[in-house]
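Okay, my_file_31.txt is below, compact mmCIF, C-alpha atoms and all ligand atoms:
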# COMPACT_ATOMS: atom_id res chain seq x y z
CA MET A 1 217.97 130.54 111.59
CA SER A 2 217.96 126.83 110.75
CA GLN A 3 215.99 126.28 113.95
CA ARG A 4 213.38 128.70 112.64
CA ASN A 5 213.31 126.80 109.35
CA ASN A 6 212.88 123.53 111.20
CA GLY A 7 209.94 125.00 113.06
CA LYS A 8 208.37 126.18 109.81
CA GLU A 9 208.90 122.81 108.18
CA ALA A 10 207.27 121.05 111.12
CA GLN A 11 204.37 123.47 110.90
CA ILE A 12 203.98 122.86 107.16
CA ALA A 13 204.12 119.11 107.74
CA ARG A 14 201.38 119.45 110.40
CA LEU A 15 199.22 121.55 108.11
CA GLU A 16 199.71 119.07 105.28
CA ALA A 17 198.67 116.22 107.56
CA GLN A 18 195.57 118.18 108.61
CA LEU A 19 194.76 118.89 104.97
CA LEU A 20 194.99 115.19 104.18
CA VAL A 21 192.58 114.39 106.99
CA LEU A 22 190.11 117.03 105.81
CA LYS A 23 190.35 115.73 102.24
CA GLU A 24 189.55 112.21 103.46
CA GLN A 25 186.61 113.50 105.48
CA LEU A 26 185.31 115.35 102.44
CA LEU A 27 185.70 112.25 100.30
CA GLN A 28 183.85 110.17 102.86
CA SER A 29 180.97 112.64 103.11
CA GLU A 30 180.79 112.85 99.31
CA LYS A 31 180.63 109.05 99.23
CA LEU A 32 177.78 109.11 101.74
CA ALA A 33 175.94 111.75 99.75
CA SER A 34 176.20 109.75 96.53
CA LEU A 35 175.14 106.61 98.38
CA GLY A 36 172.05 108.50 99.55
CA GLN A 37 171.37 109.67 96.01
CA LEU A 38 171.75 106.13 94.70
CA ALA A 39 169.39 104.79 97.37
CA ALA A 40 166.77 107.42 96.55
CA GLY A 41 167.15 106.68 92.81
CA VAL A 42 166.76 102.93 93.30
CA ALA A 43 163.77 103.44 95.60
CA HIS A 44 162.12 105.65 93.01
CA GLU A 45 162.73 103.17 90.17
CA ILE A 46 161.44 100.17 92.13
CA ASN A 47 158.34 102.02 93.29
CA ASN A 48 156.68 101.93 89.90
CA PRO A 49 156.87 98.18 89.08
CA ILE A 50 156.06 97.32 92.70
CA GLY A 51 152.91 99.42 92.38
CA TYR A 52 151.48 97.41 89.48
CA VAL A 53 152.75 94.05 90.75
CA SER A 54 150.90 94.75 94.04
CA SER A 55 147.64 95.59 92.34
CA ASN A 56 148.01 92.58 89.97
CA MET A 57 148.51 90.38 93.01
CA LYS A 58 145.16 91.49 94.45
CA MET A 59 143.39 90.66 91.18
CA LEU A 60 145.26 87.34 90.98
CA ALA A 61 143.94 86.40 94.44
CA GLU A 62 140.36 87.17 93.36
CA TYR A 63 140.65 85.41 89.99
CA SER A 64 142.23 82.28 91.46
CA ASP A 65 139.40 82.03 94.01
CA SER A 66 136.84 82.29 91.22
CA LEU A 67 138.63 79.74 89.04
CA ILE A 68 138.88 77.21 91.86
CA ASN A 69 135.18 77.61 92.63
CA LEU A 70 134.33 77.26 88.96
CA VAL A 71 136.36 74.03 88.60
CA LYS A 72 134.70 72.65 91.73
CA LEU A 73 131.22 73.40 90.37
CA LEU A 74 131.96 72.02 86.91
CA SER A 75 133.57 68.90 88.29
CA MET A 76 130.33 68.12 90.13
CA GLN A 77 128.71 67.74 86.71
CA VAL A 78 131.07 64.87 85.86
CA ASP A 79 130.47 61.43 87.34
CA GLU A 80 132.77 60.37 90.14
CA ALA A 81 134.61 57.65 88.19
CA GLN A 82 135.89 60.28 85.77
CA ARG A 83 136.20 63.14 88.21
CA LEU A 84 138.46 61.60 90.86
CA PRO A 85 141.32 60.50 88.56
CA LEU A 86 141.23 63.88 86.81
CA LEU A 87 141.40 65.81 90.09
CA ALA A 88 144.22 63.53 91.24
CA GLN A 89 146.09 63.98 87.96
CA PHE A 90 146.18 67.74 88.49
CA ASP A 91 146.76 67.56 92.25
CA PHE A 92 143.62 69.63 92.59
CA ASP A 93 143.22 69.42 96.37
CA TYR A 94 146.84 70.39 96.92
CA VAL A 95 146.62 73.29 94.47
CA CYS A 96 143.43 74.53 96.17
CA ALA A 97 145.15 74.55 99.52
CA ASP A 98 148.49 75.93 98.31
CA LEU A 99 147.41 78.67 95.91
CA PRO A 100 145.92 81.07 98.49
CA LYS A 101 149.00 80.56 100.68
CA LEU A 102 151.33 81.39 97.78
CA VAL A 103 149.37 84.51 96.96
CA GLN A 104 149.30 85.59 100.60
CA GLU A 105 153.04 85.05 101.01
CA SER A 106 153.74 87.02 97.84
CA GLU A 107 151.57 89.86 99.12
CA GLN A 108 153.48 89.88 102.39
CA GLY A 109 156.79 89.91 100.50
CA LEU A 110 155.60 92.82 98.41
CA SER A 111 154.48 94.81 101.39
CA ARG A 112 157.93 94.23 102.93
CA VAL A 113 159.52 95.65 99.76
CA VAL A 114 157.16 98.64 99.93
CA ASP A 115 158.24 99.24 103.55
CA ILE A 116 161.92 99.01 102.61
CA ILE A 117 161.45 101.52 99.80
CA HIS A 118 159.64 103.83 102.18
CA ASP A 119 162.50 103.56 104.69
CA LEU A 120 165.13 104.10 102.02
CA LYS A 121 163.36 107.26 100.90
CA ASP A 122 163.02 108.41 104.49
CA PHE A 123 166.64 107.57 105.13
CA SER A 124 168.13 109.45 102.22
CA HIS A 125 165.70 112.41 102.15
CA ILE A 126 167.63 113.56 99.16
CA GLU A 127 165.12 116.32 98.51
CA GLU A 128 165.74 117.64 102.02
CA ALA A 129 169.48 118.28 102.07
CA GLU A 130 168.51 121.54 103.78
CA PHE A 131 167.68 122.09 107.43
CA VAL A 132 164.01 121.35 108.16
CA GLU A 133 161.87 120.94 111.27
CA ALA A 134 161.69 117.17 111.68
CA ASP A 135 160.41 114.48 113.96
CA LEU A 136 163.48 112.67 115.38
CA HIS A 137 161.53 109.51 116.13
CA GLN A 138 160.52 109.08 112.51
CA GLY A 139 164.16 109.14 111.36
CA ILE A 140 165.20 106.81 114.18
CA GLN A 141 162.49 104.33 113.26
CA SER A 142 163.30 104.22 109.56
CA THR A 143 167.04 103.88 110.24
CA LEU A 144 166.24 101.07 112.67
CA ASN A 145 164.08 99.32 110.10
CA LEU A 146 166.96 99.43 107.64
CA VAL A 147 169.48 97.81 109.98
CA ALA A 148 167.06 95.63 111.99
CA ASN A 149 168.13 92.54 110.11
CA GLU A 150 171.80 93.07 110.81
CA LEU A 151 171.24 93.94 114.45
CA LYS A 152 168.95 91.05 115.30
CA TYR A 153 171.77 88.49 115.40
CA LYS A 154 173.80 90.64 117.77
CA ALA A 155 171.32 92.30 120.06
CA ASP A 156 167.81 92.88 121.28
CA VAL A 157 166.96 96.46 120.42
CA VAL A 158 165.08 98.33 123.14
CA LYS A 159 163.40 101.66 122.45
CA ASP A 160 162.92 104.09 125.27
CA PHE A 161 161.29 107.12 123.67
CA ALA A 162 160.15 110.30 125.41
CA GLU A 163 157.90 112.97 123.94
CA LEU A 164 159.97 115.27 121.79
CA PRO A 165 159.48 118.60 120.09
CA SER A 166 160.44 118.76 116.42
CA VAL A 167 164.11 119.47 115.78
CA HIS A 168 165.79 121.85 113.34
CA CYS A 169 168.03 119.43 111.44
CA ILE A 170 169.05 117.70 108.24
CA PRO A 171 167.26 114.38 108.82
CA SER A 172 169.36 112.31 106.37
CA GLN A 173 172.54 113.35 108.17
CA LEU A 174 171.21 112.54 111.63
CA ASN A 175 170.09 109.17 110.25
CA GLN A 176 173.67 108.64 109.11
CA VAL A 177 174.95 109.43 112.62
CA LEU A 178 172.50 107.00 114.19
CA LEU A 179 173.43 104.34 111.65
CA ASN A 180 177.13 104.72 112.53
CA LEU A 181 176.37 104.49 116.25
CA LEU A 182 174.15 101.43 115.83
CA ILE A 183 176.71 99.58 113.72
CA ASN A 184 179.49 100.42 116.18
CA ALA A 185 177.28 99.17 119.04
CA ALA A 186 176.60 95.89 117.22
CA HIS A 187 180.32 95.46 116.49
CA ALA A 188 181.16 96.00 120.16
CA ILE A 189 178.91 93.13 121.26
CA GLU A 190 180.76 89.85 121.09
CA GLN A 191 177.97 87.33 121.67
CA HIS A 192 174.50 88.69 122.14
CA GLY A 193 173.54 91.84 124.02
CA ILE A 194 171.19 94.76 124.30
CA ILE A 195 171.20 97.97 122.29
CA ARG A 196 169.03 100.66 123.83
CA ILE A 197 167.94 103.76 121.94
CA SER A 198 166.66 106.45 124.27
CA THR A 199 165.36 109.91 123.54
CA GLY A 200 164.67 112.85 125.80
CA CYS A 201 164.65 116.61 126.14
CA ASN A 202 164.94 119.47 128.62
CA ASP A 203 164.68 123.26 128.26
CA ASN A 204 167.91 123.51 126.27
CA TRP A 205 168.47 120.20 124.51
CA VAL A 206 166.78 117.40 122.61
CA TRP A 207 168.81 114.19 122.55
CA PHE A 208 168.97 110.60 121.49
CA SER A 209 171.41 108.04 122.78
CA VAL A 210 172.59 104.59 121.76
CA SER A 211 173.88 102.40 124.54
CA ASP A 212 175.18 98.87 124.27
CA THR A 213 176.21 96.02 126.52
CA GLY A 214 179.34 95.49 124.46
CA LYS A 215 182.96 95.28 125.43
CA GLY A 216 183.30 98.96 126.38
CA MET A 217 186.50 101.01 126.12
CA GLU A 218 189.53 101.76 128.27
CA PRO A 219 190.13 105.50 128.94
CA ALA A 220 193.13 105.55 126.57
CA GLN A 221 191.01 104.18 123.74
CA LEU A 222 188.14 106.51 124.62
CA GLY A 223 190.50 109.46 124.20
CA ARG A 224 191.21 108.52 120.59
CA ILE A 225 187.91 107.45 119.07
CA PHE A 226 187.19 110.81 117.43
CA GLU A 227 190.58 110.88 115.70
CA PRO A 228 190.12 110.35 111.97
CA PHE A 229 191.31 106.85 110.95
CA TYR A 230 191.47 105.55 114.51
CA THR A 231 190.03 102.05 114.39
CA THR A 232 190.50 98.84 116.33
CA LYS A 233 188.76 96.82 113.64
CA PRO A 234 190.67 94.44 111.40
CA LYS A 235 192.04 95.87 108.16
CA GLY A 236 189.34 96.31 105.57
CA GLN A 237 186.53 96.31 108.14
CA GLY A 238 186.65 99.82 109.53
CA THR A 239 188.02 103.08 108.17
CA GLY A 240 187.89 104.84 111.52
CA LEU A 241 185.89 107.69 110.04
CA GLY A 242 182.44 106.85 111.43
CA LEU A 243 182.78 108.79 114.68
CA PRO A 244 184.76 111.83 113.42
CA LEU A 245 182.22 112.20 110.64
CA SER A 246 179.33 111.79 113.08
CA ARG A 247 180.83 114.39 115.37
CA SER A 248 181.25 116.88 112.53
CA ILE A 249 177.60 116.34 111.50
CA VAL A 250 176.43 116.88 115.09
CA GLU A 251 178.59 120.02 115.40
CA LYS A 252 177.12 121.32 112.15
CA HIS A 253 173.80 121.07 114.01
CA GLN A 254 175.32 123.12 116.89
CA GLY A 255 175.07 119.97 118.98
CA VAL A 256 177.35 117.79 121.07
CA LEU A 257 178.26 114.12 120.71
CA ASP A 258 178.97 112.75 124.19
CA VAL A 259 180.31 109.34 125.11
CA SER A 260 180.75 107.33 128.27
CA SER A 261 182.08 103.81 128.49
CA THR A 262 183.08 101.17 130.99
CA PRO A 263 185.35 98.29 129.94
CA GLY A 264 183.48 95.01 130.08
CA VAL A 265 180.13 96.72 130.70
CA GLY A 266 179.28 98.80 127.64
CA SER A 267 179.21 102.23 126.05
CA CYS A 268 176.72 105.02 125.59
CA PHE A 269 176.85 107.67 122.85
CA THR A 270 174.52 110.66 123.20
CA VAL A 271 173.67 113.15 120.45
CA LYS A 272 172.47 116.41 122.02
CA LEU A 273 170.87 118.97 119.73
CA PRO A 274 169.97 122.53 120.75
CA ARG A 275 166.28 123.13 121.21
CA GLN A 276 166.67 126.68 119.91
CA PRO A 277 169.64 126.70 117.53
CA GLN A 278 171.00 130.03 116.29
CA LEU A 279 169.67 130.50 112.78
N1 LIG A 301 179.99 101.28 120.96
C1 LIG A 301 181.31 101.05 120.99
N2 LIG A 301 181.85 100.18 121.87
C2 LIG A 301 183.19 99.95 121.92
N3 LIG A 301 184.08 100.57 121.09
C3 LIG A 301 183.61 101.45 120.19
C4 LIG A 301 182.21 101.75 120.09
N4 LIG A 301 182.05 102.67 119.11
C5 LIG A 301 183.28 102.93 118.63
N5 LIG A 301 184.22 102.20 119.26
C6 LIG A 301 185.66 102.25 119.03
O1 LIG A 301 185.97 103.44 118.33
C7 LIG A 301 186.67 103.12 117.12
C8 LIG A 301 186.36 104.16 116.08
O2 LIG A 301 184.98 104.10 115.69
P1 LIG A 301 184.57 104.66 114.28
O3 LIG A 301 183.10 104.46 114.13
O4 LIG A 301 185.10 106.05 114.11
O5 LIG A 301 185.37 103.77 113.25
P2 LIG A 301 185.17 102.22 112.93
O6 LIG A 301 183.85 101.76 113.43
O7 LIG A 301 186.37 101.50 113.43
O8 LIG A 301 185.18 102.24 111.34
P3 LIG A 301 184.07 102.87 110.39
O9 LIG A 301 184.76 103.94 109.64
O10 LIG A 301 183.63 101.73 109.55
O11 LIG A 301 182.97 103.41 111.25
C9 LIG A 301 186.22 101.70 116.78
O12 LIG A 301 187.16 101.02 115.97
C10 LIG A 301 186.13 101.08 118.18
O13 LIG A 301 187.41 100.72 118.65
MG MG A 302 182.09 102.89 112.98

Just give me the structure of the file as structure tokens.
Amino acid sequence: MSQRNNGKEAQIARLEAQLLVLKEQLLQSEKLASLGQLAAGVAHEINNPIGYVSSNMKMLAEYSDSLINLVKLLSMQVDEAQRLPLLAQFDFDYVCADLPKLVQESEQGLSRVVDIIHDLKDFSHIEEAEFVEADLHQGIQSTLNLVANELKYKADVVKDFAELPSVHCIPSQLNQVLLNLLINAAHAIEQHGIIRISTGCNDNWVWFSVSDTGKGMEPAQLGRIFEPFYTTKPKGQGTGLGLPLSRSIVEKHQGVLDVSSTPGVGSCFTVKLPRQPQL
């Protein structure tokens, strides 16, 4: 009798532990969703001022050209003895040379901000929390643009893209999976390495993979990476939820998240999505 009770208690303890894990996963995915919402909100808010600052910048470039030409013409009317000290006093030659450069740099900066906003919107796709037919390469590219700065110190990123059909998916969630895989790959590289993003398809599957020349994993470690909270990163740096969450997203897409790894050589994670999912 007491043995039976012990069994029940163990079962309850197991179920409670599973519940805790599921709660954490839910919390994490809610966090991601609100992060996406925040990103889309910020992108939307910035879009408006950036729009008028950009068009003002174009006018500023034209006006400053006109003003410089006007000053040059007027200054020719003044005799040289007066003109030269005045031009020197206002550093006129320097201003003439520097002003167009400043305007050009500002325009470049603005167009970078416009690109970032575009990528943020693409990344979060808040309005598309539903399954849609999407171009995988577009999501891959905007996710890459977002993390390019962080990756560039760790790795050269190589793209090896095949022709792909559109995929039935929730783009923001697949972007999240790719982001997790890219960050893991960068973390696995100790000095400087290569991160390769490949895509491909056959009759049944469409896939993308992220491979790295990082430290790789021993079989025992490989067997645990999809366990919630399994992390080898220092406290505070990893929650160990990136891969379990990624796997549950891929499974929601009726897909498979495969991994292969060789210690000291590198790892490769492949996301396979069905070409004809059951609707
Ligand atoms: N590309 C990789 N190369 C080597 N080890 C990896 C790689 N990707 C994952 N791992 C191992 O798997 C573990 C779990 O990864 P996971 O993404 O789930 O969590 P994490 O990266 O530690 O934390 P986070 O929750 O911030 O993602 C990592 O701590 C690391 O030990
Ligand atoms: Mg991770």

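Between ligand MG 302 (chain A) and the candidates A:Ile195, A:Val265, A:Ala188, A:Cys201, the tightest atom-to-atom separation, counting only C-alpha atoms and all ligand atoms, involves A:Ala188.
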
Test item: residues no farther than 6 Å from ligand LIG 301 (chain A), counting all atoms listed in the file, as a list in words:
Asn184, Ala185, Ala188, Gly214, Lys215, Gly216, Met217, Ile225, Tyr230, Thr231, Thr232, Lys233, Gly238, Thr239, Gly240, Leu241, Gly242, Leu243, Pro244 and Ser267 of chain A

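Pairwise distance (CA of Thr270 in chain A, CA of Asp258 in chain A) equals 5.0 Å.
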
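For the pair CA of Tyr63 in chain A and CA of Glu45 in chain A, the interatomic distance is 28.3 Å.
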
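Reported to one decimal place, the separation of CA of Gln141 in chain A from CA of Lys58 in chain A is 28.6 Å.
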
Smallest atom-to-atom distance to Glu105 in chain A: which of A:Lys23, A:Ala61, A:Val158, A:Leu178, using all atoms listed in the file?
A:Ala61

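Among the candidate residues A:Leu110, A:Leu245, A:Leu20, A:Ala148, the one lying nearest to ligand MG 302 (chain A) is A:Leu245, with distances computed using only C-alpha atoms and all ligand atoms.
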
Among the residues A:Asn47, A:Ser246, A:Gln89, A:Ser55, the one that comes closest to Asp115 in chain A [using only C-alpha atoms]:
A:Asn47

Which residues come within 9 Å of Leu151 in chain A, counting all atoms listed in the file, excluding same-chain residues fewer than 3 positions away, as a VMD selection string?
chain A and resid 144 147 to 148 154 to 157 182 to 183 186 195

From the set A:Val206, A:Leu257, A:Ala10, A:Leu70, which residue has the shortest atom-to-atom contact distance to Pro277 in chain A, counting only C-alpha atoms?
A:Val206

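In this comparison, which uses only C-alpha atoms, the residue of A:Leu174, A:Glu133, A:Gln138, A:Glu163 approaching Gln276 in chain A most closely is A:Glu133.
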
Hey, what's within 12 Å of Val71 in chain A if we count only C-alpha atoms and toss same-chain stuff fewer than 6 positions away? As a ChimeraX atom specification, please?
/A:64-65,77-78,83,86-87,90,92-93,95-96

For Ser111 in chain A: contacts at 12 Å, all atoms listed in the file, fewer than 4 positions along chain excluded, given as a JSON list (two decimals) with C-alpha atoms, keeping the file's coordinate frame:
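Result file out_2.json:
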[["chain", "number", "residue", "atom", "x", "y", "z"],
["A", 47, "ASN", "CA", 158.34, 102.02, 93.29],
["A", 50, "ILE", "CA", 156.06, 97.32, 92.70],
["A", 51, "GLY", "CA", 152.91, 99.42, 92.38],
["A", 53, "VAL", "CA", 152.75, 94.05, 90.75],
["A", 54, "SER", "CA", 150.90, 94.75, 94.04],
["A", 55, "SER", "CA", 147.64, 95.59, 92.34],
["A", 57, "MET", "CA", 148.51, 90.38, 93.01],
["A", 104, "GLN", "CA", 149.30, 85.59, 100.60],
["A", 105, "GLU", "CA", 153.04, 85.05, 101.01],
["A", 106, "SER", "CA", 153.74, 87.02, 97.84],
["A", 107, "GLU", "CA", 151.57, 89.86, 99.12],
["A", 115, "ASP", "CA", 158.24, 99.24, 103.55],
["A", 116, "ILE", "CA", 161.92, 99.01, 102.61],
["A", 117, "ILE", "CA", 161.45, 101.52, 99.80],
["A", 118, "HIS", "CA", 159.64, 103.83, 102.18]]
